[in-house]
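> Next up, input_15.pdb (PDB, C-alpha atoms and all ligand atoms).
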ATOM      1  CA  MET A  14      -1.933   9.230 -16.072
ATOM      2  CA  ALA A  15      -3.444   8.618 -12.670
ATOM      3  CA  THR A  16      -6.992   8.198 -11.420
ATOM      4  CA  THR A  17      -8.387   7.443  -7.998
ATOM      5  CA  THR A  18     -11.492   5.295  -7.704
ATOM      6  CA  ASP A  19     -12.030   5.602  -3.954
ATOM      7  CA  SER A  20     -10.789   8.283  -1.626
ATOM      8  CA  SER A  21     -11.203   6.221   1.561
ATOM      9  CA  GLU A  22      -8.083   6.472   3.725
ATOM     10  CA  ALA A  23      -8.936   3.292   5.587
ATOM     11  CA  LEU A  24      -8.734   0.861   2.670
ATOM     12  CA  PRO A  25      -5.398  -0.476   1.451
ATOM     13  CA  LEU A  26      -4.256   1.255  -1.729
ATOM     14  CA  LEU A  27      -3.465  -0.806  -4.821
ATOM     15  CA  GLY A  28      -1.923   0.540  -7.989
ATOM     16  CA  ILE A  29      -3.369  -0.865 -11.201
ATOM     17  CA  GLY A  30      -2.469  -0.717 -14.887
ATOM     18  CA  SER A  31      -4.567   2.080 -16.331
ATOM     19  CA  CYS A  32      -5.767  -0.012 -19.289
ATOM     20  CA  LEU A  33      -7.146  -2.600 -16.823
ATOM     21  CA  ALA A  34      -8.935   0.182 -14.960
ATOM     22  CA  GLY A  35     -10.993   0.956 -18.068
ATOM     23  CA  ASN A  36      -8.884   3.681 -19.677
ATOM     24  CA  ALA A  37      -8.239   3.513 -23.432
ATOM     25  CA  VAL A  38      -4.465   3.853 -23.118
ATOM     26  CA  ARG A  39      -3.119   0.763 -24.880
ATOM     27  CA  TYR A  40      -0.858   1.311 -27.880
ATOM     28  CA  ASN A  41      -3.831   0.655 -30.168
ATOM     29  CA  GLY A  42      -6.159   2.961 -28.270
ATOM     30  CA  GLN A  43      -8.063   0.171 -26.524
ATOM     31  CA  THR A  44      -8.656  -0.852 -22.926
ATOM     32  CA  LYS A  45      -8.000  -4.301 -21.503
ATOM     33  CA  SER A  46     -11.024  -6.067 -20.005
ATOM     34  CA  PRO A  47     -10.466  -6.814 -16.328
ATOM     35  CA  ASN A  48     -11.379 -10.330 -15.250
ATOM     36  CA  THR A  49     -13.824 -10.981 -12.398
ATOM     37  CA  HIS A  50     -11.059 -11.139  -9.808
ATOM     38  CA  VAL A  51      -9.578  -7.797 -10.819
ATOM     39  CA  ARG A  52     -13.062  -6.262 -10.689
ATOM     40  CA  ASN A  53     -13.667  -7.746  -7.231
ATOM     41  CA  LEU A  54     -10.367  -6.391  -5.955
ATOM     42  CA  CYS A  55     -11.158  -2.932  -7.343
ATOM     43  CA  GLU A  56     -14.455  -2.964  -5.462
ATOM     44  CA  ARG A  57     -12.806  -3.894  -2.169
ATOM     45  CA  PHE A  58      -9.633  -1.812  -2.228
ATOM     46  CA  GLN A  59      -8.746   1.761  -2.940
ATOM     47  CA  THR A  60      -7.120   1.836  -6.387
ATOM     48  CA  ARG A  61      -5.029   4.265  -8.322
ATOM     49  CA  ALA A  62      -4.357   3.752 -12.020
ATOM     50  CA  PHE A  63      -1.094   4.458 -13.815
ATOM     51  CA  CYS A  64       0.062   4.025 -17.394
ATOM     52  CA  PRO A  65       3.856   4.205 -17.688
ATOM     53  CA  GLU A  66       3.853   4.479 -21.473
ATOM     54  CA  MET A  67       1.417   7.407 -21.378
ATOM     55  CA  GLY A  68       3.271   8.728 -18.346
ATOM     56  CA  ILE A  69       6.504   9.164 -20.317
ATOM     57  CA  GLY A  70       4.689  11.017 -23.057
ATOM     58  CA  LEU A  71       3.948   8.307 -25.621
ATOM     59  CA  GLY A  72       0.571   8.998 -27.147
ATOM     60  CA  VAL A  73      -2.387   6.920 -28.293
ATOM     61  CA  PRO A  74      -2.132   5.260 -30.719
ATOM     62  CA  ARG A  75       1.643   4.676 -30.539
ATOM     63  CA  PRO A  76       4.080   2.287 -32.167
ATOM     64  CA  PRO A  77       4.322  -0.989 -30.208
ATOM     65  CA  ILE A  78       7.372  -1.609 -28.039
ATOM     66  CA  HIS A  79       8.966  -4.801 -26.746
ATOM     67  CA  LEU A  80      11.835  -6.169 -24.652
ATOM     68  CA  VAL A  81      15.183  -6.836 -26.294
ATOM     69  CA  GLY A  82      18.438  -8.159 -24.867
ATOM     70  CA  ASP A  83      19.887 -10.940 -22.790
ATOM     71  CA  GLU A  84      18.249 -12.318 -19.704
ATOM     72  CA  HIS A  85      19.863  -9.922 -17.233
ATOM     73  CA  ALA A  86      20.037  -6.777 -19.365
ATOM     74  CA  VAL A  87      16.815  -6.123 -21.239
ATOM     75  CA  ARG A  88      15.813  -2.797 -22.743
ATOM     76  CA  ILE A  89      12.394  -1.660 -23.892
ATOM     77  CA  VAL A  90      12.514  -0.404 -27.475
ATOM     78  CA  ASP A  91      10.216   0.172 -30.430
ATOM     79  CA  VAL A  92       9.414  -3.015 -32.353
ATOM     80  CA  GLU A  93       9.962  -1.474 -35.771
ATOM     81  CA  THR A  94      13.515  -0.103 -35.584
ATOM     82  CA  HIS A  95      14.906  -0.834 -32.092
ATOM     83  CA  GLU A  96      16.295   2.705 -32.254
ATOM     84  CA  HIS A  97      14.046   4.281 -29.599
ATOM     85  CA  ASP A  98      14.964   3.080 -26.108
ATOM     86  CA  TYR A  99      12.458   3.993 -23.359
ATOM     87  CA  THR A 100      14.033   2.000 -20.527
ATOM     88  CA  GLU A 101      15.344   4.833 -18.372
ATOM     89  CA  GLN A 102      12.220   6.952 -18.853
ATOM     90  CA  ILE A 103       9.981   4.126 -17.696
ATOM     91  CA  ARG A 104      12.226   3.436 -14.705
ATOM     92  CA  ALA A 105      12.069   7.117 -13.770
ATOM     93  CA  TYR A 106       8.279   6.995 -14.092
ATOM     94  CA  ALA A 107       8.162   4.045 -11.673
ATOM     95  CA  ALA A 108      10.100   6.141  -9.146
ATOM     96  CA  GLN A 109       7.528   8.933  -9.595
ATOM     97  CA  VAL A 110       4.687   6.483  -8.952
ATOM     98  CA  VAL A 111       6.267   5.212  -5.731
ATOM     99  CA  GLN A 112       6.800   8.810  -4.630
ATOM    100  CA  GLN A 113       3.265   9.931  -5.566
ATOM    101  CA  ALA A 114       1.568   7.018  -3.803
ATOM    102  CA  PRO A 115       3.476   6.418  -0.550
ATOM    103  CA  GLY A 116       0.542   4.469   0.887
ATOM    104  CA  MET A 117       0.526   1.982  -1.978
ATOM    105  CA  VAL A 118       0.801  -1.615  -0.731
ATOM    106  CA  GLY A 119       0.283  -3.632  -3.897
ATOM    107  CA  TYR A 120      -0.057  -3.349  -7.658
ATOM    108  CA  ILE A 121      -2.200  -5.184 -10.210
ATOM    109  CA  LEU A 122       0.077  -5.493 -13.216
ATOM    110  CA  VAL A 123      -0.911  -6.351 -16.790
ATOM    111  CA  LYS A 124      -0.145  -9.790 -18.214
ATOM    112  CA  GLY A 125       2.312  -9.830 -21.093
ATOM    113  CA  SER A 126       3.036  -6.104 -21.238
ATOM    114  CA  PRO A 127       6.695  -5.125 -21.840
ATOM    115  CA  SER A 128       6.124  -2.280 -19.366
ATOM    116  CA  CYS A 129       3.621  -3.698 -16.846
ATOM    117  CA  GLY A 130       3.919  -7.482 -17.255
ATOM    118  CA  TYR A 131       4.926  -9.742 -14.392
ATOM    119  CA  GLY A 132       7.306 -12.645 -14.801
ATOM    120  CA  ARG A 133       6.538 -14.090 -18.208
ATOM    121  CA  VAL A 134       6.991 -11.220 -20.633
ATOM    122  CA  LYS A 135       8.429 -12.056 -24.052
ATOM    123  CA  ARG A 136      12.052 -11.182 -24.772
ATOM    124  CA  TYR A 137      13.481 -10.760 -28.263
ATOM    125  CA  SER A 138      16.978 -10.805 -29.751
ATOM    126  CA  PRO A 139      18.545  -7.657 -31.267
ATOM    127  CA  ALA A 140      17.525  -9.127 -34.641
ATOM    128  CA  GLY A 141      13.915  -9.193 -33.466
ATOM    129  CA  HIS A 142      13.534 -12.961 -32.958
ATOM    130  CA  PHE A 143      11.588 -14.337 -30.017
ATOM    131  CA  VAL A 144      13.970 -15.752 -27.371
ATOM    132  CA  ALA A 145      11.975 -16.593 -24.237
ATOM    133  CA  SER A 146       9.084 -15.517 -21.993
ATOM    134  CA  ASP A 147      11.174 -14.885 -18.909
ATOM    135  CA  GLN A 148      11.008 -11.214 -17.977
ATOM    136  CA  ASP A 149       9.185  -8.698 -15.832
ATOM    137  CA  GLY A 150       8.107  -5.596 -17.700
ATOM    138  CA  ILE A 151      10.486  -2.680 -17.168
ATOM    139  CA  PHE A 152       8.016  -0.743 -14.992
ATOM    140  CA  ALA A 153       7.138  -3.824 -12.931
ATOM    141  CA  ALA A 154      10.801  -4.710 -12.378
ATOM    142  CA  GLU A 155      11.563  -1.197 -11.212
ATOM    143  CA  LEU A 156       8.584  -1.161  -8.833
ATOM    144  CA  ARG A 157       9.861  -4.403  -7.339
ATOM    145  CA  ARG A 158      13.381  -2.984  -6.988
ATOM    146  CA  LEU A 159      12.208   0.270  -5.416
ATOM    147  CA  ASP A 160       9.811  -1.340  -2.934
ATOM    148  CA  PRO A 161      10.420  -5.088  -2.469
ATOM    149  CA  LEU A 162       7.564  -5.259   0.060
ATOM    150  CA  LEU A 163       4.901  -4.303  -2.508
ATOM    151  CA  ALA A 164       2.486  -7.132  -3.310
ATOM    152  CA  LEU A 165       2.691  -7.623  -7.090
ATOM    153  CA  GLU A 166       0.576  -9.814  -9.368
ATOM    154  CA  ASP A 167      -0.723  -9.537 -12.886
ATOM    155  CA  ASP A 168      -4.336  -9.913 -13.945
ATOM    156  CA  GLY A 169      -3.663 -13.361 -15.427
ATOM    157  CA  ARG A 170      -2.053 -14.826 -12.318
ATOM    158  CA  LEU A 171      -4.910 -13.489 -10.184
ATOM    159  CA  ASN A 172      -7.071 -16.244 -11.707
ATOM    160  CA  ASP A 173      -5.182 -18.689  -9.471
ATOM    161  CA  PRO A 174      -6.932 -18.863  -6.042
ATOM    162  CA  GLY A 175      -3.703 -19.477  -4.108
ATOM    163  CA  LEU A 176      -1.815 -16.618  -5.773
ATOM    164  CA  ARG A 177      -4.837 -14.343  -5.370
ATOM    165  CA  GLU A 178      -5.142 -15.112  -1.678
ATOM    166  CA  SER A 179      -1.407 -14.559  -1.170
ATOM    167  CA  PHE A 180      -1.573 -11.242  -3.060
ATOM    168  CA  VAL A 181      -4.454  -9.923  -0.982
ATOM    169  CA  THR A 182      -2.919 -11.191   2.252
ATOM    170  CA  ARG A 183       0.400  -9.475   1.486
ATOM    171  CA  ALA A 184      -1.259  -6.208   0.481
ATOM    172  CA  CYS A 185      -3.273  -6.136   3.714
ATOM    173  CA  ALA A 186      -0.262  -7.110   5.846
ATOM    174  CA  TYR A 187       1.844  -4.364   4.274
ATOM    175  CA  HIS A 188      -0.989  -1.875   4.848
ATOM    176  CA  ASP A 189      -1.134  -2.963   8.499
ATOM    177  CA  TRP A 190       2.650  -2.611   8.784
ATOM    178  CA  LYS A 191       2.713   0.879   7.253
ATOM    179  CA  ARG A 192       0.023   2.060   9.655
ATOM    180  CA  SER A 193       1.670   0.357  12.640
ATOM    181  CA  VAL A 194       5.082   1.976  12.104
ATOM    182  CA  ALA A 195       3.776   5.379  11.012
ATOM    183  CA  ASP A 196       4.838   6.884  14.352
ATOM    184  CA  GLY A 197       8.091   4.962  14.617
ATOM    185  CA  VAL A 198       9.347   1.498  15.491
ATOM    186  CA  SER A 199       9.882   0.081  18.958
ATOM    187  CA  ALA A 200      10.814  -3.361  20.244
ATOM    188  CA  ARG A 201       7.341  -3.630  21.791
ATOM    189  CA  LEU A 202       5.700  -2.825  18.456
ATOM    190  CA  LEU A 203       7.675  -5.541  16.666
ATOM    191  CA  VAL A 204       6.795  -8.147  19.264
ATOM    192  CA  ASP A 205       3.097  -7.164  19.260
ATOM    193  CA  PHE A 206       2.932  -7.142  15.472
ATOM    194  CA  TRP A 207       4.539 -10.579  15.283
ATOM    195  CA  SER A 208       2.224 -11.895  17.964
ATOM    196  CA  ARG A 209      -0.780 -11.114  15.726
ATOM    197  CA  TYR A 210       0.789 -12.643  12.582
ATOM    198  CA  LYS A 211       2.173 -15.893  13.994
ATOM    199  CA  TYR A 212      -0.508 -18.237  12.751
ATOM    200  CA  LEU A 213      -0.849 -16.528   9.386
ATOM    201  CA  VAL A 214       2.891 -16.918   8.777
ATOM    202  CA  MET A 215       2.751 -20.511  10.008
ATOM    203  CA  ALA A 216       0.097 -21.202   7.359
ATOM    204  CA  HIS A 217       2.330 -19.833   4.613
ATOM    205  CA  HIS A 218       5.866 -20.894   5.575
ATOM    206  CA  VAL A 219       6.836 -22.827   8.697
ATOM    207  CA  PRO A 220      10.629 -22.137   8.389
ATOM    208  CA  ALA A 221       9.928 -18.379   8.459
ATOM    209  CA  TYR A 222       7.633 -18.902  11.428
ATOM    210  CA  LYS A 223      10.482 -20.627  13.248
ATOM    211  CA  ALA A 224      13.066 -17.992  12.201
ATOM    212  CA  ILE A 225      11.190 -14.863  13.252
ATOM    213  CA  GLY A 226      11.022 -15.643  16.985
ATOM    214  CA  PRO A 227      14.850 -15.891  17.385
ATOM    215  CA  LEU A 228      15.221 -12.829  15.153
ATOM    216  CA  LEU A 229      13.013 -10.731  17.424
ATOM    217  CA  ALA A 230      14.810 -12.045  20.491
ATOM    218  CA  GLN A 231      17.564  -9.643  19.397
ATOM    219  CA  ALA A 232      15.276  -6.645  19.985
ATOM    220  CA  GLY A 233      17.005  -4.452  22.542
ATOM    221  CA  LYS A 234      20.426  -5.961  21.700
ATOM    222  CA  ALA A 235      20.721  -5.134  17.984
ATOM    223  CA  PRO A 236      20.021  -1.793  16.209
ATOM    224  CA  LEU A 237      16.241  -1.543  15.908
ATOM    225  CA  GLN A 238      15.649  -0.280  12.350
ATOM    226  CA  PRO A 239      17.714  -2.975  10.571
ATOM    227  CA  LEU A 240      15.988  -5.543  12.762
ATOM    228  CA  ALA A 241      12.562  -4.155  11.826
ATOM    229  CA  ASP A 242      13.530  -4.194   8.144
ATOM    230  CA  GLU A 243      14.652  -7.819   8.317
ATOM    231  CA  PHE A 244      11.554  -8.778  10.279
ATOM    232  CA  ILE A 245       9.028  -7.323   7.831
ATOM    233  CA  SER A 246      11.008  -8.561   4.838
ATOM    234  CA  THR A 247      11.020 -12.125   6.246
ATOM    235  CA  LEU A 248       7.320 -11.915   7.086
ATOM    236  CA  MET A 249       6.305 -10.612   3.653
ATOM    237  CA  THR A 250       8.496 -13.158   1.864
ATOM    238  CA  ALA A 251       6.795 -15.894   3.871
ATOM    239  CA  LEU A 252       3.342 -14.596   2.914
ATOM    240  CA  ALA A 253       4.371 -14.657  -0.757
ATOM    241  CA  ARG A 254       4.390 -18.449  -0.581
ATOM    242  CA  PRO A 255       0.836 -19.601  -1.184
ATOM    243  CA  ALA A 256      -0.647 -21.470   1.762
ATOM    244  CA  THR A 257      -1.980 -24.958   1.066
ATOM    245  CA  ARG A 258      -4.925 -26.917   2.422
ATOM    246  CA  ARG A 259      -2.447 -28.938   4.430
ATOM    247  CA  SER A 260      -0.693 -25.915   5.971
ATOM    248  CA  HIS A 261      -3.995 -24.154   6.655
ATOM    249  CA  SER A 262      -5.318 -27.332   8.309
ATOM    250  CA  ASN A 263      -2.244 -27.497  10.506
ATOM    251  CA  VAL A 264      -2.978 -23.966  11.751
ATOM    252  CA  LEU A 265      -6.679 -24.689  12.165
ATOM    253  CA  PHE A 266      -5.860 -27.673  14.398
ATOM    254  CA  HIS A 267      -3.451 -25.518  16.442
ATOM    255  CA  ILE A 268      -6.155 -22.892  16.955
ATOM    256  CA  ALA A 269      -8.774 -25.531  17.731
ATOM    257  CA  GLY A 270      -6.446 -26.653  20.531
ATOM    258  CA  TYR A 271      -7.287 -23.441  22.409
ATOM    259  CA  LEU A 272     -10.881 -24.701  22.701
ATOM    260  CA  LYS A 273      -9.882 -28.041  24.167
ATOM    261  CA  ARG A 274     -11.421 -27.557  27.592
ATOM    262  CA  ARG A 275     -14.021 -25.027  26.548
ATOM    263  CA  ILE A 276     -16.282 -26.968  24.189
ATOM    264  CA  SER A 277     -17.951 -30.350  24.524
ATOM    265  CA  PRO A 278     -16.420 -33.584  23.143
ATOM    266  CA  GLU A 279     -19.163 -33.642  20.503
ATOM    267  CA  GLN A 280     -18.350 -30.063  19.444
ATOM    268  CA  ARG A 281     -14.639 -30.959  19.297
ATOM    269  CA  ARG A 282     -15.396 -33.995  17.153
ATOM    270  CA  ARG A 283     -17.507 -31.937  14.746
ATOM    271  CA  LEU A 284     -14.805 -29.251  14.523
ATOM    272  CA  SER A 285     -12.079 -31.832  13.795
ATOM    273  CA  GLU A 286     -14.261 -33.416  11.118
ATOM    274  CA  LEU A 287     -14.808 -30.071   9.430
ATOM    275  CA  ILE A 288     -11.088 -29.273   9.434
ATOM    276  CA  GLU A 289     -10.459 -32.703   7.942
ATOM    277  CA  ASP A 290     -13.183 -32.058   5.332
ATOM    278  CA  TYR A 291     -11.384 -28.850   4.433
ATOM    279  CA  ARG A 292      -7.986 -30.609   4.276
ATOM    280  CA  THR A 293      -9.361 -33.203   1.864
ATOM    281  CA  GLY A 294     -10.968 -30.585  -0.379
ATOM    282  CA  GLN A 295     -14.614 -31.182   0.486
ATOM    283  CA  VAL A 296     -15.366 -27.705   1.893
ATOM    284  CA  PRO A 297     -13.707 -24.291   1.498
ATOM    285  CA  LEU A 298     -11.586 -22.677   4.206
ATOM    286  CA  ILE A 299     -14.383 -20.376   5.274
ATOM    287  CA  VAL A 300     -16.341 -23.344   6.686
ATOM    288  CA  PRO A 301     -13.972 -24.386   9.525
ATOM    289  CA  ILE A 302     -13.003 -20.727  10.107
ATOM    290  CA  THR A 303     -16.666 -19.830  10.615
ATOM    291  CA  LEU A 304     -17.156 -22.629  13.115
ATOM    292  CA  LEU A 305     -13.977 -21.593  14.971
ATOM    293  CA  LYS A 306     -15.207 -18.002  15.121
ATOM    294  CA  HIS A 307     -18.529 -19.197  16.427
ATOM    295  CA  HIS A 308     -16.817 -21.117  19.255
ATOM    296  CA  PHE A 309     -14.478 -18.241  20.073
ATOM    297  CA  ALA A 310     -17.454 -15.851  20.209
ATOM    298  CA  ASP A 311     -18.841 -18.041  23.019
ATOM    299  CA  ASN A 312     -15.397 -18.655  24.542
ATOM    300  CA  PRO A 313     -13.353 -15.477  23.953
ATOM    301  CA  ASP A 314      -9.580 -15.788  23.823
ATOM    302  CA  ALA A 315      -7.691 -12.502  23.446
ATOM    303  CA  TYR A 316      -4.679 -14.132  21.757
ATOM    304  CA  ILE A 317      -6.748 -15.961  19.140
ATOM    305  CA  ASN A 318      -9.122 -13.042  18.614
ATOM    306  CA  GLY A 319      -6.065 -10.928  17.789
ATOM    307  CA  GLN A 320      -4.752 -13.384  15.201
ATOM    308  CA  VAL A 321      -4.725 -11.933  11.698
ATOM    309  CA  PHE A 322      -5.160 -15.492  10.419
ATOM    310  CA  MET A 323      -8.788 -15.339  11.522
ATOM    311  CA  ASP A 324      -9.446 -12.133   9.508
ATOM    312  CA  PRO A 325      -6.517 -11.282   7.247
ATOM    313  CA  TYR A 326      -8.279  -8.989   4.795
ATOM    314  CA  PRO A 327     -11.517  -7.130   4.044
ATOM    315  CA  ASP A 328     -14.342  -9.443   3.037
ATOM    316  CA  ALA A 329     -12.225 -12.450   3.902
ATOM    317  CA  ALA A 330     -15.283 -14.650   3.628
ATOM    318  CA  ARG A 331     -15.625 -14.111  -0.083
ATOM    319  CA  LEU A 332     -11.987 -14.867  -0.884
ATOM    320  CA  ARG A 333     -11.812 -17.721   1.561
ATOM    321  CA  SER A 334     -14.850 -19.335   0.016
ATOM    322  CA  LEU A 335     -12.552 -19.988  -2.951
ATOM    323  CA  VAL A 336      -9.584 -21.587  -1.165
TER     324      VAL A 336
HETATM  325  S1  LIG A 401      -0.056  -2.382 -19.958
HETATM  326 FE1  LIG A 401       0.756  -0.663 -18.790
HETATM  327  S2  LIG A 401       1.814   0.601 -20.291
HETATM  328 FE2  LIG A 401       0.467  -0.792 -21.425
HETATM  329  S3  LIG A 401      -1.430   0.369 -21.701
HETATM  330 FE3  LIG A 401      -1.668  -0.848 -19.846
HETATM  331  S4  LIG A 401      -1.055   0.519 -18.206
HETATM  332 FE4  LIG A 401      -0.269   1.412 -20.121
END
Before we go any further, please render this structure as structure tokens.

Amino acid sequence: MATTTDSSEALPLLGIGSCLAGNAVRYNGQTKSPNTHVRNLCERFQTRAFCPEMGIGLGVPRPPIHLVGDEHAVRIVDVETHEHDYTEQIRAYAAQVVQQAPGMVGYILVKGSPSCGYGRVKRYSPAGHFVASDQDGIFAAELRRLDPLLALEDDGRLNDPGLRESFVTRACAYHDWKRSVADGVSARLLVDFWSRYKYLVMAHHVPAYKAIGPLLAQAGKAPLQPLADEFISTLMTALARPATRRSHSNVLFHIAGYLKRRISPEQRRRLSELIEDYRTGQVPLIVPITLLKHHFADNPDAYINGQVFMDPYPDAARLRSLV
């Protein structure tokens, strides 16, 4: 099952579990209520809903299924008899989804589902006893395997501001990447792309920030496509690490340095105080960012204006008011 809630080509496309999108496709014929954050994301992104269990032909209502096996070899089978194994069908459905939605840059998964859950799905023994909550759902795991750059989170984890910000940042970065390389990769493109992402990556993971420069220094010496693949993989992995107030503050101070000779000592003092207020948790990130933008509007700097850190996603203000 697939629905599209917005046909805009410009917005990043997120997949979403169909039950979270308001469709009565759960095994018991119900929907799952989306939380505020899922609703906000659906309003700001293009979304497309999929239900793997309906997609492989299971109806509504249907017998419940769950994960059985050892940690590295789980199968998805019916709870009652363990005789019906849907693992390969659901994996094949995930491949269909990736094929049908080539512009997809992220996916809102469904907490706890043996198909669509992310990271903490319950696993049972062959005898049907609970073993651990340590699995991805089968569909989610296959999505991750097929496209490791996809931003994945479940509706439960999206309640965490840091994870939510990282999810949105990754989805938007992947969208930017897909559009940037649509006509092919060049050494110039890689360098320009990296130039715009430097401070955002610094905010998320300093070791990756330090590794990418030497990596791109190989452009022109090493085969380009493997280099591009390693570059975007390193960048997206870095963005998957939630930024902290401390790491954001570090970047804010770096960016403020570009204003050193352009604003008055009093303005510099006020800016430093605000960044410090943010670092110590007294104001949200949007406050120092807004003041920086104000100063850069009066004192334009092409390098800083091009930094994705200043505007990493649509309606950044609303998300950044939370972090
Ligand atoms: S969790 Fe996934 S498989 Fe289950 S009803 Fe929702 S979309 Fe369908």
> Return as a list in words the residues of protein, DNA or RNA that approach ligand LIG 401 (chain A) to within 6 Å, with all atoms listed in the file taken into account.
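So the residues close to ligand LIG 401 (chain A) are Gly30, Ser31, Cys32, Val38, Arg39, Phe63, Cys64, Pro65, Glu66, Val123, Ser126, Ser128 and Cys129 of chain A.
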> If the PyMOL selection byres (((chain A and resi 250) around 12) and not hetatm) is run on the structure shown, which residues does it catch, given as a ChimeraX atom specification?
/A:161-164,179-180,182-183,186-187,214,217-222,225,243-249,251-255
> Specify as a list of chain:residue names each residue included when the PyMOL selection byres (((chain A and resi 114) around 12) and not hetatm) is applied to this file.
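Here the PyMOL selection byres (((chain A and resi 114) around 12) and not hetatm) matches A:Ala15, A:Thr16, A:Thr17, A:Pro25, A:Leu26, A:Leu27, A:Gly28, A:Ile29, A:Gln59, A:Thr60, A:Arg61, A:Ala62, A:Phe63, A:Ala107, A:Ala108, A:Gln109, A:Val110, A:Val111, A:Gln112, A:Gln113, A:Pro115, A:Gly116, A:Met117, A:Val118, A:Gly119, A:Tyr120, A:Leu156, A:Asp160, A:Leu163.
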> Write out the residues from the selection above, keeping C-alpha atoms, as a compact mmCIF listing (two decimals), in the coordinates of the input.

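Listing of out_3.txt after writing:
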# COMPACT_ATOMS: atom_id res chain seq x y z
CA ALA A 15 -3.44 8.62 -12.67
CA THR A 16 -6.99 8.20 -11.42
CA THR A 17 -8.39 7.44 -8.00
CA PRO A 25 -5.40 -0.48 1.45
CA LEU A 26 -4.26 1.25 -1.73
CA LEU A 27 -3.46 -0.81 -4.82
CA GLY A 28 -1.92 0.54 -7.99
CA ILE A 29 -3.37 -0.86 -11.20
CA GLN A 59 -8.75 1.76 -2.94
CA THR A 60 -7.12 1.84 -6.39
CA ARG A 61 -5.03 4.26 -8.32
CA ALA A 62 -4.36 3.75 -12.02
CA PHE A 63 -1.09 4.46 -13.82
CA ALA A 107 8.16 4.04 -11.67
CA ALA A 108 10.10 6.14 -9.15
CA GLN A 109 7.53 8.93 -9.60
CA VAL A 110 4.69 6.48 -8.95
CA VAL A 111 6.27 5.21 -5.73
CA GLN A 112 6.80 8.81 -4.63
CA GLN A 113 3.26 9.93 -5.57
CA PRO A 115 3.48 6.42 -0.55
CA GLY A 116 0.54 4.47 0.89
CA MET A 117 0.53 1.98 -1.98
CA VAL A 118 0.80 -1.62 -0.73
CA GLY A 119 0.28 -3.63 -3.90
CA TYR A 120 -0.06 -3.35 -7.66
CA LEU A 156 8.58 -1.16 -8.83
CA ASP A 160 9.81 -1.34 -2.93
CA LEU A 163 4.90 -4.30 -2.51
> What is the distance between atom CA of Ser262 of chain A and atom CA of Leu176 of chain A, in Å to one decimal?
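Atom-to-atom, atom CA of Ser262 of chain A and atom CA of Leu176 of chain A are spaced 18.0 Å apart.
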> Give me the residues near Glu101 of chain A as a VMD selection string, where near means some atom within 10 Å (using all atoms listed in the file) and where sequence neighbours in that chain fewer than 5 positions away do not count.
chain A and resid 88 to 89 106 to 107 151 to 152
> My list of candidates is A:Glu93, A:Ala216, A:Met67, A:Ala241. Which is closest to Ala200 of chain A when distances are computed with all atoms listed in the file?
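Closest candidate: A:Ala241.
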> Go ahead and compute the interatomic distance for atom CA of Phe322 of chain A and atom CA of Tyr210 of chain A, in Å to one decimal.
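Interatomic distance, atom CA of Phe322 of chain A to atom CA of Tyr210 of chain A: 6.9 Å.
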> So that all listed atoms of segment 299-317 of chain A fit with 8 Å spare on each side, what axis-aligned box centre and edge lengths in Å, to one decimal, would you give as JSON?

{"center_x": -11.8, "center_y": -18.4, "center_z": 14.9, "size_x": 30.2, "size_y": 27.9, "size_z": 35.3}
> Specify as a count of residues only each residue included when the PyMOL selection byres (((chain A and resi 124) around 12) and not hetatm) is applied to this file.
35
> Choose the residue, out of A:Ile103, A:Leu284, A:Gly175, A:Asp91, that has the smallest atom-to-atom separation from Pro139 of chain A; count only C-alpha atoms.
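Distance minimum relative to Pro139 of chain A lands on A:Asp91.
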> Name the residues within 10 Å of (0.9, 7.9, -30.1), counting all atoms listed in the file in the file's coordinates, and put them as an MDAnalysis selection string.
chainID A and resid 38:42 66:67 70:77
> Can you write just those residues out, C-alpha atoms, as an mmCIF file, in the frame of the given file?

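Output contents, as saved in result_1.cif:
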data_model
loop_
_atom_site.group_PDB
_atom_site.id
_atom_site.type_symbol
_atom_site.label_atom_id
_atom_site.label_comp_id
_atom_site.auth_asym_id
_atom_site.auth_seq_id
_atom_site.Cartn_x
_atom_site.Cartn_y
_atom_site.Cartn_z
ATOM 1 C CA VAL A 38 -4.465 3.853 -23.118
ATOM 2 C CA ARG A 39 -3.119 0.763 -24.880
ATOM 3 C CA TYR A 40 -0.858 1.311 -27.880
ATOM 4 C CA ASN A 41 -3.831 0.655 -30.168
ATOM 5 C CA GLY A 42 -6.159 2.961 -28.270
ATOM 6 C CA GLU A 66 3.853 4.479 -21.473
ATOM 7 C CA MET A 67 1.417 7.407 -21.378
ATOM 8 C CA GLY A 70 4.689 11.017 -23.057
ATOM 9 C CA LEU A 71 3.948 8.307 -25.621
ATOM 10 C CA GLY A 72 0.571 8.998 -27.147
ATOM 11 C CA VAL A 73 -2.387 6.920 -28.293
ATOM 12 C CA PRO A 74 -2.132 5.260 -30.719
ATOM 13 C CA ARG A 75 1.643 4.676 -30.539
ATOM 14 C CA PRO A 76 4.080 2.287 -32.167
ATOM 15 C CA PRO A 77 4.322 -0.989 -30.208
#
> Atom CA of Ala34 of chain A to atom CA of Leu159 of chain A: how many Å, to one decimal?
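Distance between the two atoms: 23.2 Å.
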> Env of Asp290 of chain A: 10 Å cut, atoms = all atoms listed in the file, seq-sep filter 5 positions within chain, self excluded. Answer as a PyMOL selection string.
chain A and resi 262+284-285+295-298+300-301
> Which residues are close to Leu305 of chain A, i.e. within 10 Å by only C-alpha atoms, leaving aside same-chain residues fewer than 6 positions away? Reply as an MDAnalysis selection string.
chainID A and resid 265 268:269 272 284 288 299 323
> Check the smallest atom-to-atom distance from each of A:Pro278, A:Lys306, A:Tyr212, A:Glu96 to Asn263 of chain A using all atoms listed in the file, then report the winner.
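Nearest to Asn263 of chain A: A:Tyr212.
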